[in-house]
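Shown next: structure-v1.csv, given as CSV, C-alpha atoms.
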```
chain,number,residue,atom,x,y,z
Q,26,MET,CA,-35.6,-208.9,4.0
Q,27,SER,CA,-34.6,-205.6,2.6
Q,28,THR,CA,-33.7,-205.0,-0.9
Q,29,GLU,CA,-32.1,-201.8,-2.3
Q,30,ARG,CA,-34.3,-200.4,-5.0
Q,31,THR,CA,-31.3,-199.8,-7.2
Q,32,SER,CA,-30.7,-203.5,-7.4
Q,33,LEU,CA,-34.2,-204.1,-8.8
Q,34,SER,CA,-34.8,-204.4,-12.6
Q,35,ASP,CA,-36.3,-201.4,-14.4
Q,36,ARG,CA,-39.7,-203.0,-14.4
Q,37,GLU,CA,-39.6,-203.9,-10.7
Q,38,LEU,CA,-38.4,-200.5,-9.8
Q,39,TRP,CA,-41.3,-198.9,-11.7
Q,40,ARG,CA,-43.8,-201.2,-10.1
Q,41,SER,CA,-42.5,-200.5,-6.6
Q,42,LEU,CA,-43.2,-196.8,-7.1
Q,43,ALA,CA,-46.5,-194.9,-7.2
Q,44,ALA,CA,-46.7,-192.5,-10.0
Q,45,ASP,CA,-48.4,-189.3,-8.8
Q,46,ASP,CA,-51.4,-189.6,-11.1
Q,47,VAL,CA,-53.6,-186.6,-11.1
Q,48,ALA,CA,-57.3,-187.0,-11.5
Q,49,PRO,CA,-58.2,-187.5,-15.1
Q,50,VAL,CA,-59.1,-184.2,-16.9
Q,51,ALA,CA,-61.6,-183.9,-19.7
Q,52,VAL,CA,-59.9,-184.1,-23.1
Q,53,SER,CA,-61.9,-183.0,-26.1
Q,54,ASP,CA,-62.0,-185.1,-29.2
Q,55,MET,CA,-60.4,-182.3,-31.1
Q,56,ASP,CA,-57.5,-182.0,-28.6
Q,57,PHE,CA,-57.0,-185.7,-28.5
Q,58,ALA,CA,-56.9,-186.0,-32.3
Q,59,ALA,CA,-54.3,-183.1,-32.4
Q,60,TRP,CA,-52.3,-184.9,-29.7
Q,61,LEU,CA,-52.4,-188.2,-31.6
Q,62,GLU,CA,-51.1,-186.4,-34.7
Q,63,GLY,CA,-48.3,-184.7,-32.7
Q,64,ARG,CA,-49.5,-181.3,-33.7
Q,65,LEU,CA,-49.6,-179.7,-30.2
Q,66,SER,CA,-47.1,-177.4,-28.7
Q,67,GLU,CA,-45.0,-178.8,-25.9
Q,68,ALA,CA,-47.1,-177.2,-23.2
Q,69,GLU,CA,-50.4,-178.4,-24.7
Q,70,ALA,CA,-49.0,-181.9,-25.3
Q,71,SER,CA,-47.8,-182.1,-21.7
Q,72,ARG,CA,-51.4,-181.5,-20.5
Q,73,ILE,CA,-52.7,-184.3,-22.7
Q,74,ASP,CA,-49.7,-186.5,-21.7
Q,75,ALA,CA,-50.7,-186.1,-18.1
Q,76,ALA,CA,-54.3,-187.0,-18.8
Q,77,VAL,CA,-53.3,-190.1,-20.8
Q,78,THR,CA,-50.8,-191.1,-18.1
Q,79,ALA,CA,-53.5,-190.8,-15.4
Q,80,ASP,CA,-56.4,-192.4,-17.2
Q,81,PRO,CA,-55.9,-196.0,-18.3
Q,82,GLY,CA,-59.0,-195.8,-20.5
Q,83,LEU,CA,-57.6,-192.8,-22.4
Q,84,ARG,CA,-54.2,-194.6,-22.7
Q,85,ARG,CA,-55.9,-197.7,-24.2
Q,86,ALA,CA,-57.8,-195.5,-26.6
Q,87,ALA,CA,-54.6,-193.8,-27.7
Q,88,LEU,CA,-52.7,-197.0,-28.3
Q,89,GLU,CA,-55.7,-198.6,-30.1
Q,90,LEU,CA,-56.3,-195.6,-32.3
Q,91,SER,CA,-52.6,-195.2,-33.1
Q,92,ASP,CA,-52.5,-198.8,-34.2
Q,93,VAL,CA,-55.6,-198.7,-36.3
Q,94,LEU,CA,-54.5,-195.4,-38.0
Q,95,GLY,CA,-51.1,-196.9,-38.8
Q,96,LYS,CA,-52.4,-199.9,-40.7
Q,97,PRO,CA,-54.2,-200.5,-44.0
Q,98,LEU,CA,-57.9,-200.5,-43.4
Q,99,PRO,CA,-60.0,-203.7,-44.1
Q,100,ALA,CA,-62.9,-203.4,-46.5
Q,101,PRO,CA,-66.1,-202.7,-44.6
Q,102,PRO,CA,-69.4,-204.6,-45.3
Q,103,PRO,CA,-71.2,-202.8,-48.1
Q,104,ARG,CA,-74.4,-202.6,-46.0
Q,105,MET,CA,-72.6,-200.2,-43.6
Q,106,ALA,CA,-72.2,-197.4,-46.1
Q,107,VAL,CA,-75.8,-197.9,-47.5
Q,108,ARG,CA,-77.2,-197.5,-44.0
Q,109,GLY,CA,-75.1,-194.5,-43.3
Q,110,GLN,CA,-76.1,-192.8,-46.6
Q,111,ALA,CA,-79.8,-193.3,-45.8
Q,112,LEU,CA,-79.5,-191.0,-42.8
Q,113,VAL,CA,-79.4,-187.9,-44.9
Q,114,GLY,CA,-82.2,-187.4,-47.4
Q,115,PHE,CA,-82.5,-185.4,-50.6
Q,116,ASP,CA,-85.0,-183.0,-49.0
Q,117,VAL,CA,-82.2,-181.1,-47.2
Q,118,GLU,CA,-80.3,-180.6,-50.5
Q,119,LYS,CA,-83.4,-179.5,-52.3
Q,120,GLN,CA,-84.2,-176.9,-49.7
Q,121,MET,CA,-80.6,-175.7,-49.8
Q,122,SER,CA,-80.4,-175.3,-53.5
Q,123,ARG,CA,-84.0,-173.8,-53.9
Q,124,GLY,CA,-83.8,-171.3,-51.1
Q,125,PRO,CA,-87.0,-169.7,-49.6
Q,126,TRP,CA,-90.0,-170.4,-51.8
Q,127,LEU,CA,-91.0,-166.7,-51.7
Q,128,ALA,CA,-87.7,-165.9,-53.5
Q,129,THR,CA,-89.2,-167.5,-56.6
Q,130,LEU,CA,-92.2,-165.1,-56.4
Q,131,LEU,CA,-90.3,-162.0,-55.4
Q,132,PRO,CA,-86.8,-161.9,-56.9
Q,133,ALA,CA,-85.9,-158.9,-54.8
Q,134,PHE,CA,-86.4,-161.1,-51.7
Q,135,ALA,CA,-82.7,-161.7,-51.4
Q,136,MET,CA,-82.2,-158.0,-50.6
Q,137,GLY,CA,-82.6,-158.4,-46.9
Q,138,PHE,CA,-84.2,-160.1,-44.0
Q,139,GLY,CA,-86.1,-157.0,-42.9
Q,140,LEU,CA,-87.7,-156.7,-46.3
Q,141,GLN,CA,-88.6,-160.3,-46.3
Q,142,ARG,CA,-90.3,-160.0,-42.9
Q,143,GLY,CA,-92.1,-156.9,-43.9
Q,144,ALA,CA,-93.4,-158.4,-47.1
Q,145,LEU,CA,-94.5,-161.5,-45.3
Q,146,ALA,CA,-96.4,-159.5,-42.7
Q,147,GLY,CA,-98.0,-157.4,-45.5
Q,148,MET,CA,-99.1,-160.5,-47.4
Q,149,ALA,CA,-100.4,-162.1,-44.3
Q,150,VAL,CA,-102.6,-159.1,-43.6
Q,151,VAL,CA,-103.9,-159.0,-47.2
Q,152,VAL,CA,-104.7,-162.8,-47.2
Q,153,ALA,CA,-106.5,-162.4,-43.9
Q,154,ALA,CA,-108.6,-159.4,-45.1
Q,155,VAL,CA,-109.5,-161.1,-48.4
Q,156,GLY,CA,-110.4,-164.3,-46.6
Q,157,PHE,CA,-112.6,-162.4,-44.1
Q,158,MET,CA,-114.5,-160.5,-46.8
Q,159,LEU,CA,-114.8,-163.5,-49.0
Q,160,GLY,CA,-116.1,-165.7,-46.2
Q,161,GLY,CA,-118.7,-163.1,-45.1
Q,162,GLY,CA,-119.9,-162.4,-48.6
Q,163,LEU,CA,-120.4,-166.0,-49.4
Q,164,GLY,CA,-122.3,-166.6,-46.2
Q,165,GLU,CA,-124.6,-163.8,-46.9
Q,166,SER,CA,-125.3,-164.6,-50.5
Q,167,TYR,CA,-125.8,-168.3,-49.6
Q,168,ALA,CA,-128.5,-167.3,-47.0
Q,169,THR,CA,-130.2,-165.0,-49.5
Q,170,GLN,CA,-130.2,-167.6,-52.2
Q,171,LYS,CA,-131.6,-170.2,-49.8
Q,172,TYR,CA,-134.4,-167.8,-48.7
Q,173,ALA,CA,-135.3,-167.0,-52.4
Q,174,SER,CA,-135.5,-170.7,-53.4
Q,175,ALA,CA,-137.6,-171.6,-50.3
Q,176,GLU,CA,-140.0,-168.7,-51.0
Q,177,SER,CA,-140.5,-169.7,-54.7
Q,178,SER,CA,-141.3,-173.3,-53.6
Q,179,GLY,CA,-144.0,-172.1,-51.2
Q,180,VAL,CA,-142.2,-172.9,-47.9
Q,181,THR,CA,-142.4,-170.2,-45.3
Q,182,LEU,CA,-139.1,-169.1,-43.9
Q,183,SER,CA,-138.1,-166.3,-41.8
Q,184,GLU,CA,-136.0,-163.5,-43.3
Q,185,PRO,CA,-132.4,-164.4,-44.0
Q,186,LEU,CA,-130.8,-164.9,-40.6
Q,187,GLY,CA,-128.8,-162.0,-39.3
Q,188,ARG,CA,-125.2,-163.0,-38.6
Q,189,ASP,CA,-125.2,-161.6,-35.1
Q,190,THR,CA,-125.9,-163.8,-32.2
Q,191,THR,CA,-128.9,-161.8,-30.9
Q,192,ASN,CA,-130.8,-162.3,-34.2
Q,193,GLU,CA,-129.9,-166.0,-34.4
Q,194,LEU,CA,-131.3,-166.4,-30.8
Q,195,ASN,CA,-134.5,-164.5,-31.7
Q,196,ASP,CA,-135.0,-166.7,-34.8
Q,197,LEU,CA,-134.5,-169.8,-32.7
Q,198,PHE,CA,-137.2,-168.8,-30.1
Q,199,ALA,CA,-139.6,-167.7,-32.9
Q,200,ASP,CA,-139.3,-171.2,-34.5
Q,201,ALA,CA,-139.9,-172.9,-31.2
Q,202,THR,CA,-143.2,-171.1,-30.6
V,16,MET,CA,-63.6,-193.0,-54.9
V,17,THR,CA,-63.3,-189.7,-53.0
V,18,GLU,CA,-60.7,-189.6,-50.3
V,19,LEU,CA,-61.7,-188.3,-46.9
V,20,ASN,CA,-59.4,-185.3,-47.3
V,21,GLN,CA,-61.1,-184.4,-50.5
V,22,ILE,CA,-64.5,-184.0,-49.0
V,23,ASP,CA,-66.0,-180.5,-49.2
V,24,LEU,CA,-66.6,-179.9,-45.5
V,25,ARG,CA,-68.7,-176.8,-46.0
V,26,ALA,CA,-71.1,-178.6,-48.3
V,27,LEU,CA,-71.2,-181.5,-45.9
V,28,ALA,CA,-72.1,-179.3,-42.9
V,29,ALA,CA,-74.7,-177.5,-45.1
V,30,GLY,CA,-76.4,-180.9,-45.6
V,31,SER,CA,-75.6,-181.6,-49.2
V,32,LYS,CA,-76.8,-185.2,-49.9
V,33,ARG,CA,-74.3,-185.8,-52.6
V,34,THR,CA,-71.4,-184.7,-50.3
V,35,TRP,CA,-72.8,-186.8,-47.5
V,36,ASP,CA,-72.9,-189.9,-49.7
V,37,ALA,CA,-69.3,-189.4,-50.8
V,38,PHE,CA,-68.3,-188.8,-47.2
V,39,VAL,CA,-70.0,-191.9,-46.0
V,40,VAL,CA,-68.2,-194.0,-48.7
V,41,ALA,CA,-64.9,-192.5,-47.8
V,42,ALA,CA,-65.3,-192.7,-44.0
V,43,THR,CA,-66.8,-196.2,-43.8
V,44,PRO,CA,-63.5,-198.2,-43.9
V,45,LEU,CA,-62.1,-196.2,-41.0
V,46,ILE,CA,-65.2,-196.2,-38.9
V,47,ASN,CA,-65.6,-199.9,-39.5
V,48,ALA,CA,-62.0,-200.6,-38.4
V,49,VAL,CA,-62.2,-198.4,-35.3
V,50,VAL,CA,-65.6,-199.6,-34.2
V,51,ARG,CA,-64.7,-203.3,-34.8
V,52,ARG,CA,-61.5,-202.8,-32.8
V,53,ALA,CA,-63.2,-201.0,-29.9
V,54,LEU,CA,-66.0,-203.6,-29.7
V,55,ALA,CA,-63.6,-206.6,-29.9
V,56,THR,CA,-63.2,-206.7,-26.1
V,57,TYR,CA,-66.9,-206.7,-25.6
V,58,ARG,CA,-67.5,-209.8,-27.7
V,59,LEU,CA,-70.5,-208.2,-29.5
V,60,SER,CA,-72.1,-209.6,-32.7
V,61,GLU,CA,-71.7,-208.4,-36.3
V,62,ASP,CA,-75.1,-206.6,-35.9
V,63,ASP,CA,-73.7,-204.7,-33.0
V,64,VAL,CA,-70.8,-203.6,-35.1
V,65,MET,CA,-73.2,-202.4,-37.8
V,66,ASP,CA,-75.4,-200.6,-35.2
V,67,ALA,CA,-72.4,-198.9,-33.5
V,68,ALA,CA,-71.1,-197.7,-36.9
V,69,GLN,CA,-74.6,-196.4,-37.6
V,70,ASP,CA,-74.5,-194.6,-34.3
V,71,VAL,CA,-71.3,-192.8,-35.5
V,72,PHE,CA,-72.9,-191.6,-38.7
V,73,LEU,CA,-76.0,-190.6,-36.7
V,74,ARG,CA,-73.9,-188.6,-34.2
V,75,LEU,CA,-72.2,-186.8,-37.1
V,76,CYS,CA,-75.3,-185.7,-38.9
V,77,ALA,CA,-77.6,-185.2,-35.8
V,78,ASN,CA,-78.9,-181.7,-34.9
V,79,ASP,CA,-78.0,-180.2,-38.3
V,80,PHE,CA,-74.5,-181.7,-38.4
V,81,ARG,CA,-73.6,-180.0,-35.1
V,82,LEU,CA,-70.7,-182.4,-34.2
V,83,LEU,CA,-69.2,-182.2,-37.7
V,84,LYS,CA,-69.3,-178.4,-37.5
V,85,THR,CA,-67.0,-178.6,-34.4
V,86,TYR,CA,-64.2,-180.2,-36.5
V,87,ASP,CA,-61.3,-177.9,-37.1
V,88,PRO,CA,-59.1,-178.8,-40.0
V,89,ALA,CA,-56.3,-176.6,-38.7
V,90,ARG,CA,-55.9,-178.7,-35.6
V,91,ALA,CA,-56.0,-182.3,-36.8
V,92,GLY,CA,-56.7,-184.4,-39.9
V,93,LEU,CA,-60.3,-185.5,-40.6
V,94,SER,CA,-59.3,-189.2,-40.4
V,95,THR,CA,-57.8,-188.9,-36.9
V,96,TRP,CA,-60.7,-186.8,-35.5
V,97,LEU,CA,-63.2,-189.2,-37.1
V,98,ALA,CA,-61.3,-192.2,-35.5
V,99,VAL,CA,-61.5,-190.5,-32.1
V,100,VAL,CA,-65.2,-189.8,-32.5
V,101,SER,CA,-65.9,-193.3,-33.8
V,102,ARG,CA,-64.1,-195.0,-30.9
V,103,SER,CA,-65.9,-193.0,-28.2
V,104,THR,CA,-69.2,-193.6,-29.8
V,105,ALA,CA,-68.5,-197.4,-30.1
V,106,VAL,CA,-67.4,-197.5,-26.4
V,107,ASP,CA,-70.7,-195.7,-25.4
V,108,TYR,CA,-72.6,-198.2,-27.5
V,109,ALA,CA,-70.9,-201.1,-25.8
V,110,ARG,CA,-71.5,-199.7,-22.4
V,111,ARG,CA,-75.2,-199.3,-23.2
V,112,ARG,CA,-75.2,-203.0,-24.1
V,113,ARG,CA,-73.6,-203.8,-20.8
V,114,GLN,CA,-71.8,-206.9,-22.0
V,115,ALA,CA,-68.3,-205.8,-21.2
V,116,THR,CA,-66.2,-208.9,-21.1
V,117,THR,CA,-62.5,-208.9,-21.9
V,118,PRO,CA,-60.7,-212.1,-23.1
V,119,ILE,CA,-58.2,-212.8,-20.4
V,120,ASP,CA,-55.4,-213.0,-22.9
V,121,GLU,CA,-55.9,-209.3,-23.8
V,122,VAL,CA,-55.7,-208.1,-20.2
V,123,PRO,CA,-52.2,-206.8,-19.2
V,124,GLU,CA,-50.7,-208.9,-16.5
V,125,THR,CA,-50.6,-205.8,-14.2
V,126,ALA,CA,-54.3,-205.5,-14.3
V,127,LEU,CA,-54.8,-209.1,-13.2
V,128,ALA,CA,-52.2,-209.1,-10.5
V,129,VAL,CA,-53.4,-208.9,-7.0
V,130,GLU,CA,-51.7,-206.0,-5.3
V,131,ASP,CA,-49.6,-206.9,-2.3
V,132,ARG,CA,-50.7,-204.3,0.1
V,133,HIS,CA,-47.9,-205.0,2.5
V,134,VAL,CA,-45.4,-203.6,0.0
V,135,GLU,CA,-45.2,-199.9,0.5
V,136,LYS,CA,-45.0,-198.0,-2.7
V,137,LEU,CA,-42.9,-194.9,-2.7
V,138,LYS,CA,-44.4,-191.9,-4.2
V,139,ILE,CA,-42.6,-190.3,-7.1
V,140,PRO,CA,-42.1,-186.7,-6.1
V,141,ASP,CA,-43.7,-184.0,-8.3
V,142,GLY,CA,-41.4,-182.7,-11.0
V,143,LEU,CA,-39.0,-185.6,-10.8
V,144,LEU,CA,-40.2,-187.0,-14.1
V,145,THR,CA,-41.8,-185.1,-17.0
V,146,GLU,CA,-45.3,-186.1,-18.1
V,147,ARG,CA,-43.8,-187.6,-21.2
V,148,GLN,CA,-41.3,-189.7,-19.2
V,149,LYS,CA,-44.2,-191.0,-17.0
V,150,LEU,CA,-46.3,-191.8,-20.0
V,151,ILE,CA,-43.5,-193.8,-21.6
V,152,LEU,CA,-42.9,-195.8,-18.4
V,153,LYS,CA,-46.6,-196.5,-18.0
V,154,CYS,CA,-46.9,-197.7,-21.6
V,155,LEU,CA,-43.8,-199.9,-21.3
V,156,TYR,CA,-44.5,-201.4,-17.9
V,157,ASP,CA,-48.2,-201.0,-17.2
V,158,GLU,CA,-49.6,-201.5,-20.7
V,159,GLU,CA,-46.7,-203.8,-21.7
V,160,ARG,CA,-46.3,-202.2,-25.1
V,161,ASP,CA,-43.0,-202.4,-27.0
V,162,VAL,CA,-40.9,-199.4,-28.0
V,163,ALA,CA,-42.1,-199.4,-31.6
V,164,GLU,CA,-45.7,-199.1,-30.5
V,165,ILE,CA,-45.0,-196.2,-28.2
V,166,ALA,CA,-42.9,-194.5,-30.9
V,167,GLN,CA,-45.9,-194.8,-33.3
V,168,LEU,CA,-48.2,-193.4,-30.7
V,169,LEU,CA,-46.1,-190.4,-29.7
V,170,LYS,CA,-45.0,-189.7,-33.3
V,171,ILE,CA,-41.3,-189.9,-32.3
V,172,ASP,CA,-38.6,-192.3,-33.3
V,173,ALA,CA,-37.9,-195.5,-31.3
V,174,GLN,CA,-34.5,-194.1,-30.3
V,175,THR,CA,-36.1,-191.1,-28.6
V,176,VAL,CA,-38.4,-193.5,-26.7
V,177,ARG,CA,-35.4,-195.5,-25.5
V,178,SER,CA,-33.4,-192.5,-24.4
V,179,THR,CA,-36.4,-190.9,-22.7
V,180,HIS,CA,-36.9,-194.2,-20.8
V,181,HIS,CA,-33.3,-194.4,-20.0
V,182,LYS,CA,-33.1,-190.9,-18.6
V,183,ALA,CA,-36.3,-191.4,-16.6
V,184,LEU,CA,-34.9,-194.5,-14.9
V,185,LEU,CA,-31.6,-192.8,-14.2
V,186,ARG,CA,-33.5,-190.1,-12.4
V,187,LEU,CA,-35.6,-192.6,-10.5
V,188,ARG,CA,-32.5,-194.6,-9.4
V,189,GLU,CA,-30.6,-191.5,-8.5
V,190,HIS,CA,-33.5,-190.2,-6.4
V,191,PHE,CA,-34.4,-193.5,-4.6
V,192,LYS,CA,-30.8,-194.5,-4.1
V,193,GLY,CA,-30.5,-196.0,-0.6
V,194,GLU,CA,-34.3,-196.3,-0.2
V,195,THR,CA,-35.3,-199.8,1.0
V,196,SER,CA,-38.4,-201.7,0.2
```
What would the structure in this file look like if it were written as structure tokens?
Amino acid sequence: MSTERTSLSDRELWRSLAADDVAPVAVSDMDFAAWLEGRLSEAEASRIDAAVTADPGLRRAALELSDVLGKPLPAPPPRMAVRGQALVGFDVEKQMSRGPWLATLLPAFAMGFGLQRGALAGMAVVVAAVGFMLGGGLGESYATQKYASAESSGVTLSEPLGRDTTNELNDLFADAT
Amino acid sequence: MTELNQIDLRALAAGSKRTWDAFVVAATPLINAVVRRALATYRLSEDDVMDAAQDVFLRLCANDFRLLKTYDPARAGLSTWLAVVSRSTAVDYARRRRQATTPIDEVPETALAVEDRHVEKLKIPDGLLTERQKLILKCLYDEERDVAEIAQLLKIDAQTVRSTHHKALLRLREHFKGETS
């Protein structure tokens, strides 16, 4: 039996045809939102029209979103907002409002990044040098103090240990013999 | 309560806790509605709706608000963009849960129909219909939507949908005149 397509109903005619669907193209969230709002130029809109025509998933998304956005929104469960708010803490804001901690010590820090880096490097060198000297001085004075107190209590001790490895090894072998 | 369009986006992207809290309160009704709708076909629980909504917020603030920073107010309203992001996040969530089941009442008849492979479908030649005409015919006949829904989707009036549909069918009938099935 042959039937002329022109005698078919509109629906039957459409279903007897194969629309030339191109492979779905990627549509960004931003483009899709602009398309949903009807903000795109004719050429841009045509590209998204083609993607929505070809991709049933995208078409369903468009129809669903258009429906949700066109209706009054129901009240959400209060817990939903509380959980969402907990994702961002106060720490971020504190850091943002306070700025770099060095800025409180050096008001001129805001002058430039290069200056900041230079000052930081200088301070690091000073801290390292002071720490090195302080550590060495304390070690030496401790050894001298220990030797003096041992001598006054009659215990025989070798001279305060040298801080170099050779002397330490010599002292160790001397004790062993 | 602050509206979504009153949110200071710069402060939000900079990580201001106060702005984030106001944003969450303003955005939650929309995110809830979109997520709930997207997950409806997957028959997931209320906890899943909560978790999917949390995924949306997480995506928005992750990596120093990277996604939020991609939003361009010159191109679309924040509500629409947020709805798009919420839906795609909810669908991703549902796919991860792998419980995709669709109530049979919600499936368009065309999707359930078994295609008769003996019926040869004629290809619509390139350029015969515009992309807009094809989209309207797809929505009407494949998605079984009414004219009002399509008008709302395409931000055009119902009369324009009807006339676009009419012109498209005239072109198809004219082109396939005399073709037999």
Can you tell me, as a list in words, what residues are no more than 10 Å from Pro97 of chain Q when counting all atoms listed in the file, ignoring any on the same chain fewer than 6 positions away?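 Returned residues: Pro44, Leu45 and Ala48 of chain V.
A search radius of 12 Å centred on (-42.2, -202.4, -29.8), applied to all atoms listed in the file, returns the residues Q:Leu88, Q:Asp92, V:Ile151, V:Cys154, V:Leu155, V:Glu158, V:Glu159, V:Arg160, V:Asp161, V:Val162, V:Ala163, V:Glu164, V:Ile165, V:Ala166, V:Gln167, V:Leu168, V:Asp172, V:Ala173, V:Gln174, V:Val176, V:Arg177.
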Taking only C-alpha atoms into account, which residues of chain V are within 7 Å of chain Q, as a PyMOL selection string? chain V and resi 30-32+35-36+39-40+43-45+47-49+65+69+72+86+90-91+95-96+98-100+136-139+146-147+149-150+153+156+167-170+188+191-196
Point-to-point distance in Å for atom CA of Asp79 of chain V and atom CA of Arg142 of chain Q: 24.1 Å
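Here atom CA of Ile22 of chain V stands at a distance of 28.2 Å from atom CA of Asp62 of chain V.
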Straight-line distance linking atom CA of Thr179 of chain V with atom CA of Leu143 of chain V, stated in Å to one decimal: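 Atom CA of Thr179 of chain V sits 13.3 Å away from atom CA of Leu143 of chain V.
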Nearest to Ala105 of chain V, chosen from V:Arg25, V:His181, V:His190, V:Arg52, with all atoms listed in the file counted in the distances: V:Arg52
Around the point (-66.9, -182.9, -45.8) (coordinates from the file), which residues reach within 9 Å if we count all atoms listed in the file? Answer as a count of residues only. 16
Should you be able to, write segment 83-119 of chain Q of this structure into a file that contains C-alpha atoms, as a short mmCIF file (atom, residue, chain, number, x, y, z; two decimals), in the first residue's frame.
```cif
data_model
loop_
_atom_site.label_atom_id
_atom_site.label_comp_id
_atom_site.auth_asym_id
_atom_site.auth_seq_id
_atom_site.Cartn_x
_atom_site.Cartn_y
_atom_site.Cartn_z
CA LEU Q 83 19.90 18.96 26.22
CA ARG Q 84 16.32 19.38 24.97
CA ARG Q 85 14.92 17.87 28.14
CA ALA Q 86 17.22 20.09 30.21
CA ALA Q 87 16.01 23.17 28.35
CA LEU Q 88 12.33 22.32 28.77
CA GLU Q 89 12.79 21.41 32.43
CA LEU Q 90 14.76 24.55 33.30
CA SER Q 91 12.38 26.79 31.41
CA ASP Q 92 9.52 25.31 33.41
CA VAL Q 93 11.26 25.64 36.80
CA LEU Q 94 12.37 29.22 36.10
CA GLY Q 95 8.87 30.22 35.04
CA LYS Q 96 7.17 29.13 38.25
CA PRO Q 97 7.21 30.29 41.89
CA LEU Q 98 9.84 28.35 43.81
CA PRO Q 99 8.81 26.12 46.74
CA ALA Q 100 10.44 26.71 50.13
CA PRO Q 101 13.56 24.58 50.56
CA PRO Q 102 14.34 22.54 53.69
CA PRO Q 103 16.14 24.87 56.18
CA ARG Q 104 18.91 22.29 56.58
CA MET Q 105 19.91 22.77 52.95
CA ALA Q 106 21.02 26.37 53.43
CA VAL Q 107 22.77 25.61 56.74
CA ARG Q 108 24.84 22.88 55.11
CA GLY Q 109 25.69 25.13 52.19
CA GLN Q 110 26.77 27.97 54.44
CA ALA Q 111 29.07 25.68 56.40
CA LEU Q 112 31.19 25.11 53.29
CA VAL Q 113 32.85 28.51 53.55
CA GLY Q 114 34.43 29.40 56.88
CA PHE Q 115 35.36 32.64 58.56
CA ASP Q 116 39.08 32.04 58.03
CA VAL Q 117 38.91 33.13 54.41
CA GLU Q 118 37.27 36.42 55.31
CA LYS Q 119 39.68 37.08 58.15
#
```
